[in-house]
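Data file: structure.csv. Format and content: CSV, C-alpha atoms.
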chain,number,residue,atom,x,y,z
Y,1,MET,CA,-29.6,-25.6,-78.0
Y,2,LEU,CA,-26.9,-25.6,-75.3
Y,3,HIS,CA,-25.0,-28.2,-77.3
Y,4,ASP,CA,-25.1,-25.9,-80.3
Y,5,GLU,CA,-23.9,-22.9,-78.3
Y,6,THR,CA,-21.1,-24.9,-76.8
Y,7,ARG,CA,-20.0,-26.1,-80.2
Y,8,LEU,CA,-20.3,-22.6,-81.7
Y,9,ASP,CA,-18.1,-21.3,-79.0
Y,10,GLU,CA,-15.6,-24.1,-79.6
Y,11,ILE,CA,-15.5,-23.2,-83.3
Y,12,LEU,CA,-15.0,-19.5,-82.7
Y,13,GLY,CA,-12.3,-20.1,-80.1
Y,14,ALA,CA,-10.4,-22.5,-82.4
Y,15,ALA,CA,-10.8,-20.2,-85.4
Y,16,GLU,CA,-9.6,-17.1,-83.4
Y,17,THR,CA,-6.4,-18.9,-82.4
Y,18,LEU,CA,-5.8,-20.1,-86.0
Y,19,PHE,CA,-6.5,-16.7,-87.5
Y,20,ARG,CA,-4.3,-14.9,-85.0
Y,21,THR,CA,-1.5,-17.4,-85.5
Y,22,LYS,CA,-1.6,-18.1,-89.2
Y,23,GLY,CA,-3.5,-15.2,-90.6
Y,24,TYR,CA,-6.7,-15.3,-92.7
Y,25,ARG,CA,-5.5,-16.7,-96.0
Y,26,SER,CA,-3.5,-19.6,-94.7
Y,27,THR,CA,-6.2,-20.8,-92.3
Y,28,SER,CA,-8.6,-23.1,-94.1
Y,29,MET,CA,-12.1,-24.3,-93.0
Y,30,ALA,CA,-10.5,-27.8,-92.9
Y,31,ASP,CA,-7.9,-26.4,-90.3
Y,32,VAL,CA,-10.7,-25.1,-88.1
Y,33,ALA,CA,-12.7,-28.3,-88.4
Y,34,GLU,CA,-9.6,-30.4,-87.5
Y,35,ALA,CA,-8.8,-28.2,-84.5
Y,36,CYS,CA,-12.4,-28.8,-83.3
Y,37,HIS,CA,-12.2,-32.6,-84.0
Y,38,PHE,CA,-15.2,-32.7,-86.4
Y,39,GLN,CA,-16.0,-32.9,-90.1
Y,40,LYS,CA,-15.7,-29.9,-92.3
Y,41,ALA,CA,-19.4,-30.4,-93.3
Y,42,ALA,CA,-20.3,-29.8,-89.7
Y,43,LEU,CA,-18.5,-26.5,-89.8
Y,44,TYR,CA,-20.4,-25.4,-92.9
Y,45,TYR,CA,-23.6,-26.1,-91.0
Y,46,HIS,CA,-22.7,-23.2,-88.7
Y,47,PHE,CA,-20.8,-20.9,-91.2
Y,48,ALA,CA,-21.5,-20.7,-94.9
Y,49,SER,CA,-18.0,-19.5,-95.7
Y,50,LYS,CA,-14.6,-18.6,-94.2
Y,51,GLU,CA,-15.6,-14.9,-94.5
Y,52,ALA,CA,-18.7,-15.5,-92.4
Y,53,LEU,CA,-16.6,-17.4,-89.8
Y,54,ALA,CA,-14.0,-14.6,-89.7
Y,55,LEU,CA,-16.7,-11.9,-89.2
Y,56,ALA,CA,-18.1,-14.0,-86.3
Y,57,VAL,CA,-14.7,-14.3,-84.8
Y,58,MET,CA,-14.1,-10.5,-85.1
Y,59,LYS,CA,-17.5,-9.9,-83.4
Y,60,ARG,CA,-16.5,-12.3,-80.6
Y,61,VAL,CA,-13.1,-10.6,-80.0
Y,62,GLN,CA,-14.8,-7.2,-80.1
Y,63,THR,CA,-17.3,-8.2,-77.4
Y,64,PHE,CA,-14.6,-9.8,-75.3
Y,65,SER,CA,-12.3,-6.8,-75.6
Y,66,GLU,CA,-15.1,-4.4,-74.7
Y,67,LYS,CA,-16.2,-6.5,-71.6
Y,68,ILE,CA,-12.8,-7.7,-70.3
Y,69,ILE,CA,-10.2,-5.2,-71.5
Y,70,PHE,CA,-11.6,-1.7,-72.5
Y,71,SER,CA,-14.2,-1.7,-69.8
Y,72,PHE,CA,-11.6,-0.7,-67.2
Y,73,ALA,CA,-11.4,2.7,-68.9
Y,74,TYR,CA,-15.1,3.3,-68.0
Y,75,ASP,CA,-15.1,1.9,-64.4
Y,76,PRO,CA,-16.1,4.9,-62.2
Y,77,SER,CA,-14.7,3.1,-59.1
Y,78,LEU,CA,-11.1,3.3,-60.4
Y,79,LYS,CA,-8.7,6.2,-60.4
Y,80,PRO,CA,-7.3,7.1,-63.9
Y,81,LEU,CA,-3.9,5.5,-63.2
Y,82,ASP,CA,-5.6,2.3,-62.0
Y,83,LYS,CA,-7.8,2.3,-65.1
Y,84,LEU,CA,-4.7,2.5,-67.2
Y,85,LEU,CA,-2.8,-0.1,-65.3
Y,86,LYS,CA,-5.7,-2.6,-65.4
Y,87,LEU,CA,-6.4,-2.0,-69.1
Y,88,ASN,CA,-2.7,-2.6,-69.9
Y,89,GLU,CA,-2.6,-5.7,-67.7
Y,90,ALA,CA,-5.6,-7.1,-69.5
Y,91,LEU,CA,-4.0,-6.4,-72.9
Y,92,GLU,CA,-0.8,-8.0,-71.8
Y,93,ALA,CA,-2.7,-11.1,-70.6
Y,94,TYR,CA,-4.6,-11.3,-73.9
Y,95,TYR,CA,-1.6,-10.7,-76.3
Y,96,LEU,CA,1.1,-12.6,-74.4
Y,97,SER,CA,-1.1,-15.7,-73.9
Y,98,GLY,CA,0.6,-17.4,-76.8
Y,99,HIS,CA,-2.4,-17.4,-79.1
Y,100,GLY,CA,-0.8,-15.2,-81.8
Y,101,GLY,CA,-0.8,-11.4,-82.6
Y,102,CYS,CA,-3.6,-9.0,-83.2
Y,103,LEU,CA,-6.4,-10.5,-85.2
Y,104,PHE,CA,-7.6,-7.2,-86.5
Y,105,ALA,CA,-4.2,-6.0,-87.5
Y,106,ALA,CA,-3.6,-9.3,-89.3
Y,107,PHE,CA,-6.9,-9.0,-91.2
Y,108,ALA,CA,-6.2,-5.3,-92.0
Y,109,ILE,CA,-2.8,-6.2,-93.5
Y,110,GLU,CA,-4.1,-9.2,-95.4
Y,111,GLN,CA,-7.6,-8.4,-96.4
Y,112,MET,CA,-8.5,-4.7,-96.0
Y,113,ASP,CA,-8.4,-4.2,-99.8
Y,114,THR,CA,-10.0,-7.5,-100.8
Y,115,ILE,CA,-12.9,-8.2,-98.4
Y,116,PRO,CA,-15.0,-5.1,-98.0
Y,117,SER,CA,-17.1,-6.6,-95.2
Y,118,PHE,CA,-13.9,-6.6,-93.0
Y,119,THR,CA,-13.4,-2.9,-93.0
Y,120,ALA,CA,-16.1,-1.8,-90.5
Y,121,PRO,CA,-15.3,-4.4,-87.8
Y,122,ILE,CA,-11.6,-3.7,-88.1
Y,123,GLN,CA,-12.1,0.1,-87.8
Y,124,GLN,CA,-14.6,-0.5,-84.9
Y,125,TYR,CA,-12.1,-2.4,-83.0
Y,126,PHE,CA,-9.3,0.2,-83.3
Y,127,ASN,CA,-11.8,3.0,-82.5
Y,128,SER,CA,-13.0,1.2,-79.3
Y,129,TRP,CA,-9.4,0.6,-78.2
Y,130,SER,CA,-8.4,4.3,-78.9
Y,131,LYS,CA,-11.6,5.5,-77.2
Y,132,ALA,CA,-10.8,3.6,-74.1
Y,133,TYR,CA,-7.3,5.2,-73.8
Y,134,GLU,CA,-8.8,8.6,-74.7
Y,135,THR,CA,-11.3,8.3,-71.9
Y,136,ILE,CA,-8.5,7.7,-69.4
Y,137,PHE,CA,-6.4,10.5,-70.8
Y,138,LEU,CA,-9.3,12.9,-70.6
Y,139,ASP,CA,-9.0,12.8,-66.9
Y,140,VAL,CA,-5.6,14.5,-67.3
Y,141,PHE,CA,-5.4,16.2,-70.7
Y,142,ASN,CA,-7.7,18.3,-72.8
Y,143,SER,CA,-9.8,16.5,-75.4
Y,144,ASP,CA,-7.6,17.2,-78.5
Y,145,LYS,CA,-4.5,16.1,-76.6
Y,146,ALA,CA,-6.2,13.0,-75.1
Y,147,HIS,CA,-7.5,12.0,-78.6
Y,148,ALA,CA,-4.0,12.4,-80.2
Y,149,LEU,CA,-2.2,10.6,-77.4
Y,150,ALA,CA,-4.7,7.7,-77.5
Y,151,GLU,CA,-4.5,7.3,-81.3
Y,152,GLY,CA,-0.7,7.4,-81.1
Y,153,LEU,CA,-0.6,4.9,-78.3
Y,154,VAL,CA,-2.8,2.4,-80.2
Y,155,SER,CA,-0.7,2.8,-83.3
Y,156,ASP,CA,2.5,2.3,-81.3
Y,157,LEU,CA,1.1,-0.8,-79.7
Y,158,GLN,CA,0.4,-2.3,-83.1
Y,159,GLY,CA,4.0,-1.9,-83.9
Y,160,ALA,CA,5.0,-3.5,-80.6
Y,161,LEU,CA,2.7,-6.5,-81.3
Y,162,LEU,CA,4.2,-6.9,-84.8
Y,163,MET,CA,7.7,-6.8,-83.5
Y,164,LEU,CA,6.7,-9.3,-80.9
Y,165,ARG,CA,5.8,-11.6,-83.8
Y,166,VAL,CA,9.2,-11.0,-85.5
Y,167,THR,CA,11.5,-11.1,-82.5
Y,168,GLN,CA,9.4,-13.0,-79.9
Y,169,ASP,CA,10.4,-10.2,-77.5
Y,170,PRO,CA,7.7,-8.2,-75.7
Y,171,LYS,CA,10.1,-5.3,-74.8
Y,172,HIS,CA,8.2,-2.8,-76.9
Y,173,LEU,CA,4.9,-3.7,-75.4
Y,174,TYR,CA,6.3,-3.1,-71.9
Y,175,ARG,CA,8.0,0.1,-73.0
Y,176,LEU,CA,4.7,1.5,-74.2
Y,177,PHE,CA,2.9,0.4,-71.1
Y,178,GLY,CA,5.5,2.2,-69.0
Y,179,GLU,CA,5.4,5.3,-71.3
Y,180,SER,CA,1.6,5.5,-71.0
Y,181,ARG,CA,1.9,5.4,-67.2
Y,182,GLN,CA,4.5,8.1,-67.2
Y,183,LEU,CA,2.4,10.2,-69.6
Y,184,LEU,CA,-0.6,10.0,-67.2
Y,185,LEU,CA,1.5,10.7,-64.2
Y,186,SER,CA,3.2,13.7,-65.8
Y,187,GLY,CA,0.0,15.1,-67.2
Y,188,PRO,CA,-0.9,18.8,-66.6
Y,189,SER,CA,-3.7,18.2,-64.1
Y,190,GLY,CA,-1.5,16.7,-61.4
Y,191,GLU,CA,-2.6,13.9,-59.1
Y,192,ASN,CA,-3.9,10.6,-60.2
Q,1,MET,CA,21.6,-8.5,-119.4
Q,2,ASN,CA,20.4,-11.5,-121.4
Q,3,MET,CA,16.7,-12.0,-122.2
Q,4,GLU,CA,16.3,-14.7,-119.6
Q,5,ARG,CA,17.7,-12.6,-116.8
Q,6,GLN,CA,15.6,-9.6,-118.0
Q,7,PHE,CA,12.5,-11.8,-118.0
Q,8,LEU,CA,13.2,-13.1,-114.6
Q,9,LYS,CA,13.6,-9.6,-113.3
Q,10,GLU,CA,10.2,-8.7,-114.7
Q,11,VAL,CA,8.6,-11.7,-113.1
Q,12,ILE,CA,10.1,-10.7,-109.7
Q,13,VAL,CA,8.8,-7.1,-110.0
Q,14,ALA,CA,5.4,-8.5,-110.9
Q,15,ALA,CA,5.6,-10.9,-108.0
Q,16,ALA,CA,6.6,-8.2,-105.5
Q,17,LYS,CA,3.6,-6.1,-106.6
Q,18,ILE,CA,1.2,-9.0,-106.2
Q,19,PHE,CA,2.6,-10.1,-102.9
Q,20,ARG,CA,2.3,-6.6,-101.5
Q,21,GLN,CA,-1.3,-6.4,-102.5
Q,22,ASN,CA,-2.4,-9.9,-101.7
Q,23,GLY,CA,0.0,-11.3,-99.1
Q,24,TYR,CA,1.9,-14.5,-99.5
Q,25,TYR,CA,-0.8,-17.3,-99.5
Q,26,TYR,CA,-3.4,-16.1,-101.9
Q,27,PRO,CA,-1.5,-15.6,-105.2
Q,28,ASP,CA,-0.3,-18.7,-107.0
Q,29,LEU,CA,2.4,-18.8,-109.7
Q,30,ASP,CA,-0.2,-18.6,-112.5
Q,31,HIS,CA,-1.6,-15.5,-110.9
Q,32,ILE,CA,1.9,-14.0,-110.9
Q,33,THR,CA,2.7,-15.0,-114.5
Q,34,SER,CA,-0.7,-13.8,-115.7
Q,35,GLN,CA,0.2,-10.3,-114.6
Q,36,LEU,CA,3.4,-10.1,-116.8
Q,37,PRO,CA,3.5,-7.7,-119.7
Q,38,LEU,CA,5.2,-10.3,-121.8
Q,39,ASP,CA,4.4,-13.9,-122.8
Q,40,LEU,CA,6.3,-16.5,-120.9
Q,41,PRO,CA,9.1,-17.9,-123.1
Q,42,GLU,CA,8.7,-21.7,-123.7
Q,43,HIS,CA,12.1,-22.5,-122.2
Q,44,PHE,CA,11.6,-20.3,-119.2
Q,45,ILE,CA,11.4,-22.4,-116.0
Q,46,ILE,CA,9.2,-21.0,-113.3
Q,47,LYS,CA,10.6,-22.0,-109.9
Q,48,ASN,CA,8.5,-22.3,-106.8
Q,49,LYS,CA,6.6,-19.6,-105.0
Q,50,VAL,CA,9.0,-19.4,-102.1
Q,51,PHE,CA,11.8,-18.5,-104.6
Q,52,PHE,CA,9.7,-15.6,-105.9
Q,53,ALA,CA,8.7,-14.5,-102.5
Q,54,ILE,CA,12.3,-14.3,-101.4
Q,55,GLU,CA,13.3,-12.5,-104.6
Q,56,ALA,CA,10.4,-10.1,-104.2
Q,57,MET,CA,11.7,-9.2,-100.7
Q,58,ASN,CA,15.2,-8.8,-102.1
Q,59,HIS,CA,13.9,-6.5,-104.9
Q,60,ILE,CA,12.1,-4.3,-102.4
Q,61,GLN,CA,15.1,-4.3,-100.1
Q,62,ASP,CA,17.2,-3.1,-103.0
Q,63,ILE,CA,14.7,-0.2,-103.5
Q,64,PHE,CA,14.9,0.7,-99.9
Q,65,ASP,CA,18.7,0.5,-99.8
Q,66,SER,CA,19.2,2.5,-103.0
Q,67,LYS,CA,16.4,5.0,-103.0
Q,68,ILE,CA,15.1,5.4,-99.4
Q,69,LEU,CA,17.6,4.6,-96.7
Q,70,VAL,CA,20.4,6.5,-98.5
Q,71,CYS,CA,18.9,9.7,-97.0
Q,72,ALA,CA,20.2,8.5,-93.6
Q,73,TYR,CA,23.8,8.4,-94.9
Q,74,ASP,CA,23.9,11.8,-96.5
Q,75,GLU,CA,26.4,13.4,-94.1
Q,76,SER,CA,26.2,16.7,-95.9
Q,77,LYS,CA,22.8,17.3,-94.1
Q,78,PRO,CA,22.2,17.8,-90.4
Q,79,PRO,CA,20.6,14.9,-88.5
Q,80,ILE,CA,17.1,16.4,-88.2
Q,81,ASP,CA,16.9,17.2,-91.9
Q,82,ARG,CA,18.0,13.6,-92.6
Q,83,ILE,CA,15.3,12.2,-90.3
Q,84,ILE,CA,12.6,14.4,-92.0
Q,85,ALA,CA,13.8,13.3,-95.4
Q,86,LEU,CA,13.9,9.7,-94.5
Q,87,ASN,CA,10.5,9.7,-92.9
Q,88,LYS,CA,9.1,11.5,-96.0
Q,89,LYS,CA,10.6,8.9,-98.3
Q,90,ILE,CA,9.2,6.0,-96.3
Q,91,GLU,CA,5.8,7.7,-96.1
Q,92,GLY,CA,5.9,8.5,-99.8
Q,93,TYR,CA,6.8,4.9,-100.7
Q,94,TYR,CA,3.8,3.5,-98.8
Q,95,ILE,CA,1.4,6.1,-100.0
Q,96,GLU,CA,2.3,6.2,-103.6
Q,97,SER,CA,3.0,2.6,-104.3
Q,98,ASN,CA,0.0,0.3,-104.3
Q,99,GLY,CA,0.1,-2.2,-101.4
Q,100,GLY,CA,1.4,-2.5,-97.9
Q,101,CYS,CA,4.7,-3.6,-96.5
Q,102,ILE,CA,5.7,-7.0,-98.0
Q,103,PHE,CA,7.8,-7.8,-94.9
Q,104,VAL,CA,5.0,-7.1,-92.5
Q,105,SER,CA,2.6,-9.0,-94.7
Q,106,PHE,CA,4.9,-12.0,-94.8
Q,107,CYS,CA,5.4,-11.9,-91.1
Q,108,MET,CA,1.7,-12.4,-90.8
Q,109,ASP,CA,1.0,-15.1,-93.3
Q,110,GLY,CA,4.2,-16.6,-94.5
Q,111,LEU,CA,6.9,-16.6,-91.9
Q,112,ARG,CA,5.5,-19.3,-89.7
Q,113,GLN,CA,5.5,-21.9,-92.5
Q,114,ASN,CA,8.6,-20.7,-94.3
Q,115,GLU,CA,11.8,-20.4,-92.2
Q,116,GLU,CA,13.6,-19.0,-95.3
Q,117,PHE,CA,11.6,-15.8,-95.0
Q,118,LYS,CA,13.2,-15.0,-91.6
Q,119,GLY,CA,16.6,-13.8,-93.1
Q,120,PRO,CA,15.1,-11.2,-95.5
Q,121,ILE,CA,12.6,-10.0,-93.0
Q,122,GLU,CA,15.2,-9.5,-90.3
Q,123,ARG,CA,17.5,-7.8,-92.8
Q,124,TYR,CA,14.8,-5.3,-93.6
Q,125,PHE,CA,14.2,-4.4,-90.0
Q,126,SER,CA,17.9,-4.2,-89.4
Q,127,SER,CA,18.4,-1.9,-92.4
Q,128,LEU,CA,15.8,0.4,-91.1
Q,129,ASN,CA,17.3,0.3,-87.6
Q,130,ASP,CA,20.8,0.9,-88.9
Q,131,ALA,CA,19.6,3.9,-91.0
Q,132,TYR,CA,17.9,5.6,-88.1
Q,133,ARG,CA,20.8,4.7,-85.7
Q,134,ASN,CA,23.3,6.2,-88.1
Q,135,ILE,CA,21.4,9.6,-88.0
Q,136,LEU,CA,20.8,9.4,-84.3
Q,137,ASN,CA,24.5,8.9,-83.7
Q,138,GLY,CA,24.8,12.6,-84.6
Q,139,ILE,CA,22.6,13.5,-81.7
Q,140,TYR,CA,22.9,10.8,-79.0
Q,141,GLU,CA,25.5,8.5,-77.5
Q,142,PRO,CA,25.8,5.3,-79.6
Q,143,ALA,CA,24.0,3.1,-77.0
Q,144,GLN,CA,21.1,5.6,-76.7
Q,145,ALA,CA,20.9,6.1,-80.4
Q,146,GLN,CA,20.6,2.3,-80.8
Q,147,VAL,CA,17.7,2.1,-78.3
Q,148,ILE,CA,15.8,5.1,-79.8
Q,149,ALA,CA,16.2,3.7,-83.4
Q,150,ASP,CA,14.9,0.4,-82.3
Q,151,GLU,CA,11.9,2.0,-80.6
Q,152,PHE,CA,11.2,4.2,-83.6
Q,153,VAL,CA,11.3,1.3,-86.1
Q,154,ALA,CA,8.8,-0.6,-83.9
Q,155,ASP,CA,6.5,2.4,-83.7
Q,156,LEU,CA,6.8,3.0,-87.4
Q,157,GLN,CA,5.4,-0.5,-88.1
Q,158,GLY,CA,2.4,0.4,-86.0
Q,159,ALA,CA,1.9,3.6,-88.0
Q,160,LEU,CA,2.1,1.7,-91.3
Q,161,ILE,CA,-0.6,-0.8,-90.0
Q,162,MET,CA,-2.8,2.1,-88.9
Q,163,MET,CA,-2.3,3.8,-92.2
Q,164,ARG,CA,-3.8,0.8,-93.8
Q,165,VAL,CA,-6.7,0.6,-91.3
Q,166,THR,CA,-7.6,4.3,-91.6
Q,167,GLY,CA,-6.6,4.9,-95.2
Q,168,GLU,CA,-4.9,8.1,-94.1
Q,169,SER,CA,-1.3,9.1,-93.7
Q,170,ARG,CA,-1.9,10.8,-90.4
Q,171,PRO,CA,-0.5,8.0,-88.2
Q,172,ILE,CA,2.9,8.2,-89.9
Q,173,GLN,CA,2.9,12.0,-90.0
Q,174,ARG,CA,2.1,12.2,-86.3
Q,175,LEU,CA,4.8,9.7,-85.4
Q,176,SER,CA,7.3,11.6,-87.6
Q,177,GLU,CA,6.4,14.9,-85.9
Q,178,ARG,CA,6.8,13.3,-82.4
Q,179,PHE,CA,10.1,11.8,-83.4
Q,180,VAL,CA,11.5,15.0,-84.8
Q,181,GLN,CA,10.4,16.8,-81.7
Q,182,ARG,CA,12.1,14.3,-79.5
Q,183,CYS,CA,15.3,14.5,-81.5
Q,184,LYS,CA,15.3,18.3,-81.4
Q,185,MET,CA,15.0,18.0,-77.6
Q,186,GLY,CA,17.9,15.6,-77.7
Q,187,GLN,CA,20.0,18.1,-79.5
Q,188,GLY,CA,19.4,20.5,-76.7
What's the structure tokens form of this structure?
Amino acid sequence: MLHDETRLDEILGAAETLFRTKGYRSTSMADVAEACHFQKAALYYHFASKEALALAVMKRVQTFSEKIIFSFAYDPSLKPLDKLLKLNEALEAYYLSGHGGCLFAAFAIEQMDTIPSFTAPIQQYFNSWSKAYETIFLDVFNSDKAHALAEGLVSDLQGALLMLRVTQDPKHLYRLFGESRQLLLSGPSGEN
Amino acid sequence: MNMERQFLKEVIVAAAKIFRQNGYYYPDLDHITSQLPLDLPEHFIIKNKVFFAIEAMNHIQDIFDSKILVCAYDESKPPIDRIIALNKKIEGYYIESNGGCIFVSFCMDGLRQNEEFKGPIERYFSSLNDAYRNILNGIYEPAQAQVIADEFVADLQGALIMMRVTGESRPIQRLSERFVQRCKMGQG
């Protein structure tokens, strides 16, 4: 059982890196099997198809993001600014780790129209991300403003991650982290 | 234009549409030629997919240069009007035409394996950047105009991704409003 769980984790980790780096279409089951150093048939024992594997990877990234990244927004022991800084630091660590861009953005661009089962997890991820920022901004702004700012920030961050892919330069990511900090500090309700 | 060139142009237009809808990897040459309104002439030589991908990018770049980015260079209009017009054209292109941004799509699934894609992709982003910078030069100092244009083009890519995720045009409209507001403040 433990062996199976370890192997499953190894498969999902390798698949996540490949999907984030190469995208969905150009990643084959053979690529994932090769990255895990076992036969393709063994991969099919765990996942009936590449679609099933991709759905499992999205679930894994969603769980990871909620526990390790977005959770800072809901930590009652932190001040709003610390919540924001820690969330942004966790995002930076995840996206600048050299394992490729945003999995969900890549899947949205490639497969949103062709694989209906991808739509819900993609939207769930962006909603969770936006909700995390919204929760932080709610400490400073009214609910409509906090919602709009959070959605705008997540949208801008996707652009920054895409440009990181094109130029290999994280400047837009750092700009947006700085702007979000300024936004919170200059918000209408004062101290943070 | 002779028949062969006309036919090649039709193949490229069909390829651009298919690549925008499906990305680079999924469609093969048969898929592309099967979408053509005409039968393939016997003597017509289909070159490789990379060729069609690059030509498809060139075709879309031509559309942007001739029909969309031209708004930025219409000096008869004030900068804010040009920004609004340009944003509307870009929004309209992505809403009305079927499919996402071919350049963004190829960044995701083709660039890593095809070094040849880098030139057209960079050219697209530069052309957007140049267009916005040209308008912003009427509001800001050149160095600042360059920075703001660069930032807006990055943010625009995010809005286009989120348009695809949400199926709504709100992300680009919100970005456009924010940008216009910033530029109005820059005008003083």
Subject >> Selected residue of minimal separation from Pro120 in chain Q among Y:Val166, Y:Asp4, Y:Ser26, Y:Gly178, counting all atoms listed in the file >> reply: Y:Val166
Subject >> Interface, chain Y side, toward chain Q (6 Å; all atoms listed in the file) as a PyMOL selection string >> reply: chain Y and resi 22-23+25-26+108+110+155-156+158-160
With C-alpha atoms retained, could you export that selection as a PDB file, in the coordinates of the input?
ATOM      1  CA  LYS Y  22      -1.600 -18.100 -89.200  1.00  0.00           C
ATOM      2  CA  GLY Y  23      -3.500 -15.200 -90.600  1.00  0.00           C
ATOM      3  CA  ARG Y  25      -5.500 -16.700 -96.000  1.00  0.00           C
ATOM      4  CA  SER Y  26      -3.500 -19.600 -94.700  1.00  0.00           C
ATOM      5  CA  ALA Y 108      -6.200  -5.300 -92.000  1.00  0.00           C
ATOM      6  CA  GLU Y 110      -4.100  -9.200 -95.400  1.00  0.00           C
ATOM      7  CA  SER Y 155      -0.700   2.800 -83.300  1.00  0.00           C
ATOM      8  CA  ASP Y 156       2.500   2.300 -81.300  1.00  0.00           C
ATOM      9  CA  GLN Y 158       0.400  -2.300 -83.100  1.00  0.00           C
ATOM     10  CA  GLY Y 159       4.000  -1.900 -83.900  1.00  0.00           C
ATOM     11  CA  ALA Y 160       5.000  -3.500 -80.600  1.00  0.00           C
TER      12      ALA Y 160
END
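The residue that comes closest to Tyr132 in chain Q, out of Q:Phe7, Q:Phe51, Q:Tyr73, Q:Phe64 and on the basis of only C-alpha atoms, is Q:Tyr73.
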Original post:
Which residues come within 9 Å of Val13 in chain Q, counting all atoms listed in the file, excluding same-chain residues fewer than 2 positions away, as a ChimeraX atom specification?
Top reply: /Q:8-11,15-18,55-56,59-60
**OP:** Go ahead and compute the interatomic distance for CA of Gln62 in chain Y and CA of Tyr125 in chain Y, in Å to one decimal.
**Re:** 6.2 Å
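CA of Leu18 in chain Y to CA of Ala90 in chain Y spans 21.0 Å [interatomic distance, one decimal].
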